[in-house]
Structure formats: C-alpha cells, structure tokens
Amino acid sequence: MRRQIEGSRAVAETVALCRPEVVCAYPISPQTHIIEAIGAMVKSGRLSPCEFINVESEFAAMSVSIGASATGARAYTATASQGLLFMIEAVYNAAGLGLPIVMTLANRAIGAPINIWNDHSDAMAVRDAGWVQLFAETNQEAADLHIQAFRLAEELSLPVMVCMDGFILTHAVEGIDLPEQAAVDAFLPPYDPRQVLDPGDPVSIGAMVGPEAFEEVRYLSHLRQLDALERIPVLAAEFAESFGRSSGGLLHRYRTEDAETIVVALGSVLGTIKDAADALRATGERVGVVGITSFRPFPHDAVRDALSGARKVVVVEKAFSVGFGGVLSTDVAMATHDVDLSLCTVVAGLGGRAITQRSLESMLVDAAKERLERLTFLDLDHQIIERERARVAGSRRSGPTAENILRDLGTVASRIG
Amino acid sequence: MTTQPVRFYQIGSFAVGNRLVDQADRTVQSRPDRSNSLDSGHRACQGCGEALGARYALDAAMRATNGQLIAVNATGCLEVFSTPYPETSWRVAWLHSLFGNAPAVATGVAAALKVKGMHDVRVVGQAGDGGTVDIGFGCLSGMFERNDDVLFICYDNEAYMNTGVQRSGATPAAARTATTEAIGPEPGNVFGQGKDLPRLAMAHGIAYVATATVADLHDLEAKVERAMEFHGARYLHILVPCPLGWGSAPSDTIRVARLAHQTGLFPVFEAEYGEVTAVSSIRHRMPVESYLSIQSRYAHLFGEGGRPDIVARIQAIADRNILRYGLLEMPPSDSDRMETSP
C-alpha cells in the first residue's frame with residue numbers, strides 16, 4: 001500500500017512486517033523515530049510476539065541483540081554515529097559469532113566536533129567488522145532493504161547493517177509502497193538458527209580460539225561475505241518478482257553505457273548526482289553514475305564491469321580517512337587496478353553540508369577539463385582554513401579550533417548550502 | 001546408590017561433614033545425579049576458588065531448574081580456563097560474548113526465551129569482579145533496573161587475575177596487585193570508598209541479593225536455589241580466593257574464604273527487595289591479622305617494617321561490617337570470642 005510517510009516510519013513499519021522477536025532501543029538522533037515507532041507498535045500489541053527493550057546504552061543494545069539471536073530469536077536494533085562507536089566491540093562480536101542481527105544505521109557524522117547531521121563516517125568506522133553493509137539510495141529502498149537484510153542475514157548466519165542517510169532519508173516524508181504482510185511472510189521464512197542455546201542440546205558458543213584456528217574462523221567469515229555477494233543479486237531479483245519493484249542488488253548503474261566519466265557514490269546523494277549528470281549530458285559531456293548498494297561485501301567484479309568503459313572515475317564520498325584520503329575510492333581503485341582510467345576522490349557533505357547540484361556540476365566540468373585534483377574537498381571554505389592556520393601559527397595558546405571558527409563565522413547556522 | 005564409610009571430622013567452623021546430614025539435606029554436589037555443569041579437565045589453577053564456586057553455583061542452578069538453564073559468561077579466568085578451543089568444560093548451554101556485556105547478553109537470552117514462551121528455561125549470567133563491578137557495571141545496573149529475569153553471579157577474587165593480577169574496583173585496601181605495588185608510604189591499594197556491589201544491587205530494590213563464600217558451599221547452594229525461586233533480576237556475590245593473586249597456599253582456599261567471613265571483612269547475608277533478611281553470624285570472631293597474614297598480597301603489613309597502623313584500619317573496616325550487619329548478634333553463647341588461630 002502506498003503511503004505518504006516519513007522514512008523512519010517506513011523502516012519501522014517494514015521491520016515490523018519482518019516479525020522481529022526482540023528489538024533493542026537506545027535513542028540517538030537521527031535514529032529515534034524508528035525505535036519510537038516500533039516501541040509503539042509493540043506496546044499496542046500490533047507487533048506481537050515481540051520484546052521491546054529500552055537498554056541503557058548502545059553497547060547493551062547490541063549485546064542484548066547478541067543474547068537474543070543466540071537463543072534463536074530474530075533480533076533488530078538501530079543506531080547512528082557515536083552510538084555505533086559505543087557498541088563497536090559488540091558489533092565485531094556479533095559478526096565473529098555469526099549471528100544474523102539486522103541493524104539500521106541512520107548515517108551521521110562522528111565527533112568531535114559534535115555534529116548530529118549526515119555523513120558516512122560512522123559506517124566507514126565499522127567497515128572491517130564483518131557485517132554486510134547495504135546503502136539505501138531512497139526511502140523506498142531503505143524500507144525494502146530491511147526485508148532482504150533479514151533474509152540474507154538468516155540464510156548465511158551473519159549480521160546485516162542497512163545504512164540510510166540521517167535526516168536526509170530518515171526524516172524525509174514521501175510516498176512509499178509498504179508491502180502486505182503475506183508477501184513479506186512469503187519472502188522471509190521464520191528464523192531457523194544455525195546455532196542456538198538449547199538446554200536440551202547444550203553447546204558452548206564463544207569459546208577461546210588460539211592461533212591454531214583463529215585464521216580459519218576469520219577466513220570462513222570472509223567466505224560467508226563472498227556467499228553474500230552471490231546471494232544479494234539473487235535476493236534482489238526475487239524481491240523484484242515478489243514485490244514488483246527493483247530494490248537492492250550490488251550496485252545501480254545510471255547512463256553508464258557510453259559514459260566517459262562515471263561518478264561513484266553511496267546513499268541518497270546519488271539522486272543529486274544523477275541530476276548533475278543529466279545537466280552535464282545536456283551540454284554534451286558523457287557522464288554516468290554508479291551507486292554502490294553493497295559496500296560490504298564489496299562487489300569488485302561488478303564495479304569493474306560498470307567502470308571499465310570509462311576514462312575517468314570520480315568517487316564522491318561522505319567520509320574520508322584522515323591523513324590518507326578516500327575510503328570508497330581505495331576500494332574502487334582496487335577493483336579497477338587493471339583498467340586504464342584516472343580516479344579522483346571528492347570528499348563532500350561532511351557533517352551534513354548540503355551537496356548541491358550546482359557544486360557537483362562545477363566539479364564535473366573541472367573533471368572534464370582535467371582540472372580536478374586527485375583529492376578534492378567540495379565547497380571547502382579556504383578563508384576559514386587560512387584564518388585558523390594563521391591563528392595557530394601566531395600564538396601557542398590559539399585555543400580550540402572548532403570554537404575559534406564558530407566565533408569567526410558568527411550566527412550562520414542556517415547557511416549550510 | 002553407592003555408600004561410603006562415615007568419617008567424622010571437624011573443620012574450623014565446627015560444622016560437620018555433609019555425609020552426616022539427612023539425604024534430603026545433602027549438597028547438590030554430593031548427589032550422583034549432579035549435572036557437572038563445569039566438568040573436570042579445565043585449566044584452572046590448583047586451589048582456584050572461582051572454579052569451585054562456579055561448579056557449585058551452576059550445579060545448584062541446574063538442579064533448581066531441572067536442567068533447563070542457559071549460562072552467559074563474561075570474559076575472564078572462568079571463560080578462559082574452561083574453553084580453550086576445541087575443548088569445553090561446560091555441560092550447560094553456554095555463551096560468551098565480551099568482557100563488559102554479560103548482563104546485557106543475559107537480558108537478550110531472557111527476552112528470547114520469553115518471546116518464545118519457554119518459561120521453564122532460566123538464565124544465569126556470570127562474571128568475575130572486573131566484569132561485574134567495573135567494565136560490566138553499566139549493563140548490570142541496566143539489567144537490575146529493568147528487572148530482567150536473570151540471576152547474575154559475581155565470582156569475586158578481588159582483582160583482574162586473568163591478565164596478571166591488576167587492581168579492580170573490588171580490590172581491598174592495602175592489597176598488593178601488579179598495578180598497586182607494595183611500595184611507598186601507602187603500599188598496596190588505596191583506601192578508597194570501596195564499591196560494595198551487593199549493596200548497590202540492593203539499592204536497585206531487586207528481589208534477591210545474597211553473598212556467599214566457597215567456605216560454606218552448602219550455604220552457597222541454598223542461596224542459588226533460593227535465588228531461582230524468584231523471577232526478575234537477582235544477584236549473588238561469591239567470594240572466591242585466588243591462590244595466584246592473593247599469594248595464599250592452594251590448600252588454604254577454603255580457610256582463607258572462611259577467615260574472610262569470620263573476621264567480618266566479607267559479610268555473608270541475604271536481602272530481599274532491598275532489605276537484609278538474614279546474616280551468617282560469626283561464631284568465632286577472628287582478628288583481621290589471621291586473614292591477612294596468610295596472603296602474600298598483604299606481606300608488607302607484617303614483620304620488620306610492617307604496618308600495624310594499616311592493619312588497624314583494616315580491622316576498623318571489619319568492625320564496621322560487624323556492626324552494620326549485626327554479625328555477632330547470634331547465636332547468644334560464645335558470640336564474641338576471639339581466637340588467635342582458625
């Protein structure tokens with residue numbers, strides 16, 4: 001049924017259709033509307049049987065999920081930003097134990113400086129944790145990915161994170177097709193755990209593993225991710241057949257067939273990038289777009305196939321590795337190491353800075369004219385940078401950087417474009 | 001049932017051996033059908049109080065639940081010595097996740113059992129003192145506050161033994177650890193305010209809180225059984241001497257634990273819904289020297305250059321416990337007799 005609905009609400013409704021049995025909640029912006037909505041559904045009895053547990057921290061949220069999943073319950077939680085970092089030890093643990101927990105990550109910047117707005121620093125911080133990480137481009141896809149996430153997680157016994165841009169998606173209201181319960185039930189069978197705590201057949205889970213087997217256990221986790229690489233397109237195709245729309249898969253291509261320049265990105269910014277590509281095409285530049293849905297496992301072959309016809313690749317990233325450069329770019333470069341193309345990284349949208357079509361177009365014009373540097377920070381205000389650097393050079397006790405800059409800027413909180 | 005000849009022997013507390021009591025009152029551990037939850041073959045040190053405490057506690061919990069038990073374990077000695085891959089000494093459904101999250105993982109297990117309608121299966125969470133009073137305290141307090149259906153057991157050996165005897169929030173004043181060396185004007189651990197977990201648990205108003213030692217295993221079993229009569233959050237704090245970390249003889253584990261009680265340094269009591277309901281009174285009160293002097297972690301307090309002033313401060317802690325819990329009030333006869341040796 002098509003409803004005009006907030007992204008968070010659509011995710012909550014869809015998660016409820018997946019019949020989670022234990023949901024853990026610790027509030028953090030911009031994830032709050034998701035857990036509030038699920039909490040209300042459990043409280044009213046609409047989602048039953050389900051235990052909704054208000055925990056005391058994100059570390060507990062993931063830990064309760066671990067206990068519930070190991071006892072054979074379908075477990076779900078949601079977090080963002082600092083919350084993800086606070087639970088990171090348990091995030092690794094859930095993957096190491098091979099527990100099919102599904103978590104929504106409402107992507108948000110990481111402090112300091114504290115910032116509640118969107119970027120992808122949080123997801124990148126757990127890139128190597130062993131979770132499948134799927135990035136939603138739209139709210140429809142965010143909702144749909146959860147159904148596929150539970151199926152994938154439970155088939156392979158590994159945890160899946162659905163990443164959706166904080167505020168940009170979580171708080172956007174638009175028309176969403178919410179599936180019928182019967183269709184979800186047909187797509188997602190009840191959870192049949194590969195390992196379970198059962199007093200009738202007691203096993204030890206979480207034993208000490210030494211050098212004699214640790215590498216093998218880790219390698220098997222890698223193999224499960226490679227299995228996921230095969231299953232993700234299959235599940236997306238099955239989903240399309242069952243629900244009548246395309247969502248998920250390894251990546252999305254847009255006008256790449258004859259593209260000379262291809263822009264690669266994750267998440268909701270792809271919409272703006274497609275508009276910018278259309279505008280460039282109108283001026284005669286052959287620009288295409290590749291949106292990567294499955295960031296982990298990383299679809300090396302599919303990325304290579306999608307980019308191998310291009311001469312230039314521009315990776316637009318809402319995160320970067322400080323002191324190094326792009327994160328996604330590194331993966332793209334690895335996937336295309338034997339393809340003759342030039343690759344540039346554009347870091348954009350950190351801490352919620354709007355990524356405008358105008359800036360993207362200007363950047364793409366630069367790329368076409370070979371003026372784009374290997375690492376570019378989109379819309380960086382060099383005046384601010386120089387002023388602070390001068391302050392640091394001029395005085396030993398120059399004070400806290402972020403606060404100095406805010407003092408320079410004055411009251412301009414509304415000017416984020 | 002196999003029979004054994006009765007041997008009457010006396011131990012320091014003037015209790016008599018288990019074999020002299022009625023069959024029905026004998027320990028779970030003496031029954032041929034005990035579950036051996038923590039089976040032989042594990043790698044604990046000789047004289048390990050934690051292995052002893054865990055075995056008795058879990059076997060009692062298994063008996064109380066008719067074998068319908070799931071155990072969640074924090075990282076620590078108990079987890080490490082029992083499970084080096086691919087061996088495991090656990091004959092109970094057992095899950096280890098992390099150091100600081102055992103109470104939350106136990107909550108998750110309990111939630112899953114509830115949602116699946118498996119009401120006969122119960123959950124025990126367990127950790128050492130580090131996993132309970134320090135790194136696991138946030139999760140433990142949350143579990144208490146929500147009143148989740150979990151019995152949490154702390155095996156308190158008063159330091160981080162698994163990593164090589166470093167100080168924890170449960171390390172007593174003046175004790176030497178690898179991070180509180182016996183040097184300087186205040187040798188050993190500081191005299192802080194302490195972190196009295198049983199009282200913190202009581203402050204949450206949970207149904208049942210009890211302390212026990214491995215010196216009175218019958219009492220320990222009874223408290224586990226009592227704990228399993230309640231639903232909701234429950235807490236059991238067991239003092240488990242560590243020969244390695246305390247510098248006591250492996251053969252003295254029971255003796256050291258008994259002296260901890262008899263000196264008043266470790267009050268043994270039960271509480272329900274935040275109120276103390278019973279105390280194990282001290283029948284033969286001992287001075288703290290008797291307890292401290294047989295542990296090398298306190299060696300700097302005795303002999304030449306010893307610190308009788310510090311011993312006196314520790315005695316004051318014991319005296320305060322005795323007053324606070326009324327540990328000398330029963331039985332009426334010979335209740336305040338001091339002895340010089342156990």
# chains A, B, ... in the order shown; residues from 1 in each chain; ligands from 1
>>> interface_residues(of="chain A", to="chain B", cutoff="6 Å", atoms="only C-alpha atoms", output="CSV table (one decimal) with N, CA and C atoms, in the first residue's frame")
chain,number,residue,atom,x,y,z
A,49,PRO,N,4.3,-11.7,18.7
A,49,PRO,CA,5.1,-11.5,19.9
A,49,PRO,C,6.4,-10.8,19.7
A,56,GLU,N,20.3,0.6,28.4
A,56,GLU,CA,21.0,1.7,29.0
A,56,GLU,C,22.1,2.3,28.1
A,60,ALA,N,24.9,-2.0,25.2
A,60,ALA,CA,23.9,-3.0,25.7
A,60,ALA,C,22.9,-3.4,24.6
A,63,SER,N,24.5,-5.9,22.6
A,63,SER,CA,24.7,-7.1,23.5
A,63,SER,C,23.4,-7.9,23.7
A,64,VAL,N,22.3,-7.2,24.0
A,64,VAL,CA,21.0,-7.8,24.1
A,64,VAL,C,20.7,-8.5,22.8
A,65,SER,N,21.0,-7.9,21.7
A,65,SER,CA,20.7,-8.5,20.4
A,65,SER,C,21.5,-9.8,20.2
A,67,GLY,N,22.5,-11.8,22.7
A,67,GLY,CA,21.9,-12.9,23.5
A,67,GLY,C,20.7,-13.4,22.9
A,68,ALA,N,19.8,-12.5,22.4
A,68,ALA,CA,18.6,-12.9,21.8
A,68,ALA,C,18.8,-13.7,20.6
A,71,THR,N,19.9,-17.2,21.1
A,71,THR,CA,18.8,-18.0,21.7
A,71,THR,C,17.7,-18.3,20.7
A,73,ALA,N,16.1,-16.0,18.6
A,73,ALA,CA,15.1,-15.0,18.3
A,73,ALA,C,15.6,-14.1,17.1
A,197,LEU,N,21.3,-21.6,21.7
A,197,LEU,CA,21.5,-22.1,23.1
A,197,LEU,C,20.2,-22.9,23.4
A,198,ASP,N,20.4,-24.2,23.6
A,198,ASP,CA,19.3,-25.0,23.9
A,198,ASP,C,19.7,-26.0,25.1
A,199,PRO,N,19.0,-25.8,26.2
A,199,PRO,CA,19.3,-26.7,27.3
A,199,PRO,C,19.2,-28.2,27.0
A,202,PRO,N,23.0,-28.9,24.8
A,202,PRO,CA,23.8,-27.8,25.2
A,202,PRO,C,25.1,-27.7,24.4
A,203,VAL,N,25.4,-26.5,23.9
A,203,VAL,CA,26.7,-26.2,23.2
A,203,VAL,C,27.3,-25.0,23.9
A,204,SER,N,28.6,-24.9,23.7
A,204,SER,CA,29.3,-23.7,24.1
A,204,SER,C,29.5,-22.8,22.9
A,205,ILE,N,29.1,-21.6,23.0
A,205,ILE,CA,29.3,-20.6,21.9
A,205,ILE,C,30.2,-19.5,22.5
A,206,GLY,N,31.2,-19.1,21.7
A,206,GLY,CA,32.1,-18.0,22.2
A,206,GLY,C,33.3,-18.5,22.9
A,207,ALA,N,33.8,-19.7,22.5
A,207,ALA,CA,35.0,-20.2,23.2
A,207,ALA,C,36.2,-19.5,22.8
A,208,MET,N,37.3,-19.7,23.6
A,208,MET,CA,38.6,-19.1,23.3
A,208,MET,C,39.2,-19.9,22.1
A,209,VAL,N,39.6,-19.2,21.1
A,209,VAL,CA,40.3,-19.8,20.0
A,209,VAL,C,41.7,-19.2,19.8
>>> select_by_dssp(residues="stretch 28-240 of chain A", states="helix (DSSP H, G or I)", output="ChimeraX atom specification")
/A:32-43,58-70,81-86,88-97,121-125,139-156,181-187,214-240
>>> residues_around(residues="stretch 331-344 of chain A", least_positions_apart="4", cutoff="8 Å", atoms="only C-alpha atoms", output="VMD selection string")
chain A and resid 298 300 to 301 303 to 304 307 to 308 310 to 315 327 372 to 376
>>> atom_distance(atom1="atom CA of B:Pro185", atom2="atom CA of B:Ala318")
22.6 Å
>>> residues_around(residues="B:Ile322", least_positions_apart="3", cutoff="9 Å", atoms="only C-alpha atoms", output="MDAnalysis selection string")
chainID B and resid 263:265 267 281:282 317:319 325:328
>>> closest_residue(among="B:Val150, B:Cys242, B:Val268, B:Met161", to="B:Phe230", atoms="only C-alpha atoms")
B:Val150
>>> residues_around(residues="A:Leu350", least_positions_apart="4", cutoff="9 Å", atoms="only C-alpha atoms", output="PDB file with N, CA and C atoms, in the first residue's frame")
ATOM      1  N   ALA A 109      27.505  12.007  11.194  1.00  0.00           N
ATOM      2  CA  ALA A 109      28.917  12.323  11.436  1.00  0.00           C
ATOM      3  C   ALA A 109      29.338  11.880  12.835  1.00  0.00           C
ATOM      4  N   TRP A 117      24.450  15.844  12.094  1.00  0.00           N
ATOM      5  CA  TRP A 117      23.969  15.728  10.716  1.00  0.00           C
ATOM      6  C   TRP A 117      24.661  14.607   9.961  1.00  0.00           C
ATOM      7  N   ASN A 118      24.233  14.462   8.738  1.00  0.00           N
ATOM      8  CA  ASN A 118      24.595  13.267   7.979  1.00  0.00           C
ATOM      9  C   ASN A 118      25.990  13.295   7.370  1.00  0.00           C
ATOM     10  N   ASP A 119      26.730  12.241   7.526  1.00  0.00           N
ATOM     11  CA  ASP A 119      27.757  11.808   6.581  1.00  0.00           C
ATOM     12  C   ASP A 119      27.969  10.314   6.815  1.00  0.00           C
ATOM     13  N   HIS A 120      29.004   9.738   6.233  1.00  0.00           N
ATOM     14  CA  HIS A 120      29.155   8.277   6.300  1.00  0.00           C
ATOM     15  C   HIS A 120      30.314   7.824   7.190  1.00  0.00           C
ATOM     16  N   SER A 121      30.818   8.726   8.028  1.00  0.00           N
ATOM     17  CA  SER A 121      31.959   8.362   8.877  1.00  0.00           C
ATOM     18  C   SER A 121      31.640   7.178   9.776  1.00  0.00           C
ATOM     19  N   GLU A 317      32.522  10.979  -1.860  1.00  0.00           N
ATOM     20  CA  GLU A 317      32.448  10.279  -0.572  1.00  0.00           C
ATOM     21  C   GLU A 317      32.039  11.206   0.548  1.00  0.00           C
ATOM     22  N   LYS A 318      31.144  10.714   1.401  1.00  0.00           N
ATOM     23  CA  LYS A 318      30.753  11.487   2.578  1.00  0.00           C
ATOM     24  C   LYS A 318      31.571  11.051   3.793  1.00  0.00           C
ATOM     25  N   ALA A 319      32.802  10.703   3.559  1.00  0.00           N
ATOM     26  CA  ALA A 319      33.700  10.301   4.646  1.00  0.00           C
ATOM     27  C   ALA A 319      35.099  10.265   4.062  1.00  0.00           C
ATOM     28  N   ALA A 354      25.267  20.569   2.755  1.00  0.00           N
ATOM     29  CA  ALA A 354      24.474  20.200   1.580  1.00  0.00           C
ATOM     30  C   ALA A 354      25.379  20.000   0.372  1.00  0.00           C
TER      31      ALA A 354
END
>>> select_by_dssp(residues="stretch 133-352 of chain A", states="strand (DSSP E)", output="number ranges by chain")
A: 133-135, 160-165, 173-177, 204-205, 251-254, 261-265, 287-292, 294-296, 312-317, 342-347
>>> atom_distance(atom1="atom CA of B:Arg297", atom2="atom CA of B:Asn157")
12.5 Å
>>> atom_distance(atom1="atom CA of B:Gly53", atom2="atom CA of B:Ala178")
24.5 Å
>>> decode(residues="stretch 249-277 of chain B", atoms="C-alpha atoms", output="mmCIF file, in the first residue's frame")
data_model
loop_
_atom_site.group_PDB
_atom_site.id
_atom_site.type_symbol
_atom_site.label_atom_id
_atom_site.label_comp_id
_atom_site.auth_asym_id
_atom_site.auth_seq_id
_atom_site.Cartn_x
_atom_site.Cartn_y
_atom_site.Cartn_z
ATOM 1 C CA ALA B 249 48.503 -21.646 49.570
ATOM 2 C CA PRO B 250 46.255 -23.562 47.141
ATOM 3 C CA SER B 251 45.363 -25.837 50.037
ATOM 4 C CA ASP B 252 44.190 -22.788 52.023
ATOM 5 C CA THR B 253 41.447 -21.595 49.663
ATOM 6 C CA ILE B 254 38.620 -22.694 51.943
ATOM 7 C CA ARG B 255 40.429 -21.488 55.039
ATOM 8 C CA VAL B 256 41.059 -18.041 53.574
ATOM 9 C CA ALA B 257 37.431 -17.748 52.469
ATOM 10 C CA ARG B 258 36.251 -18.786 55.934
ATOM 11 C CA LEU B 259 38.500 -16.240 57.595
ATOM 12 C CA ALA B 260 37.145 -13.509 55.305
ATOM 13 C CA HIS B 261 33.773 -14.238 56.887
ATOM 14 C CA GLN B 262 34.983 -14.828 60.425
ATOM 15 C CA THR B 263 36.907 -11.572 60.566
ATOM 16 C CA GLY B 264 33.920 -9.600 59.329
ATOM 17 C CA LEU B 265 35.775 -8.426 56.222
ATOM 18 C CA PHE B 266 33.279 -10.202 53.962
ATOM 19 C CA PRO B 267 29.753 -10.096 55.414
ATOM 20 C CA VAL B 268 27.641 -13.071 54.361
ATOM 21 C CA PHE B 269 23.963 -12.178 54.144
ATOM 22 C CA GLU B 270 20.739 -12.320 52.160
ATOM 23 C CA ALA B 271 18.459 -9.471 51.174
ATOM 24 C CA GLU B 272 15.057 -9.342 49.537
ATOM 25 C CA TYR B 273 13.648 -6.267 47.822
ATOM 26 C CA GLY B 274 16.397 -4.088 49.251
ATOM 27 C CA GLU B 275 16.186 -5.219 52.885
ATOM 28 C CA VAL B 276 18.598 -7.564 54.643
ATOM 29 C CA THR B 277 16.657 -10.672 55.663
#
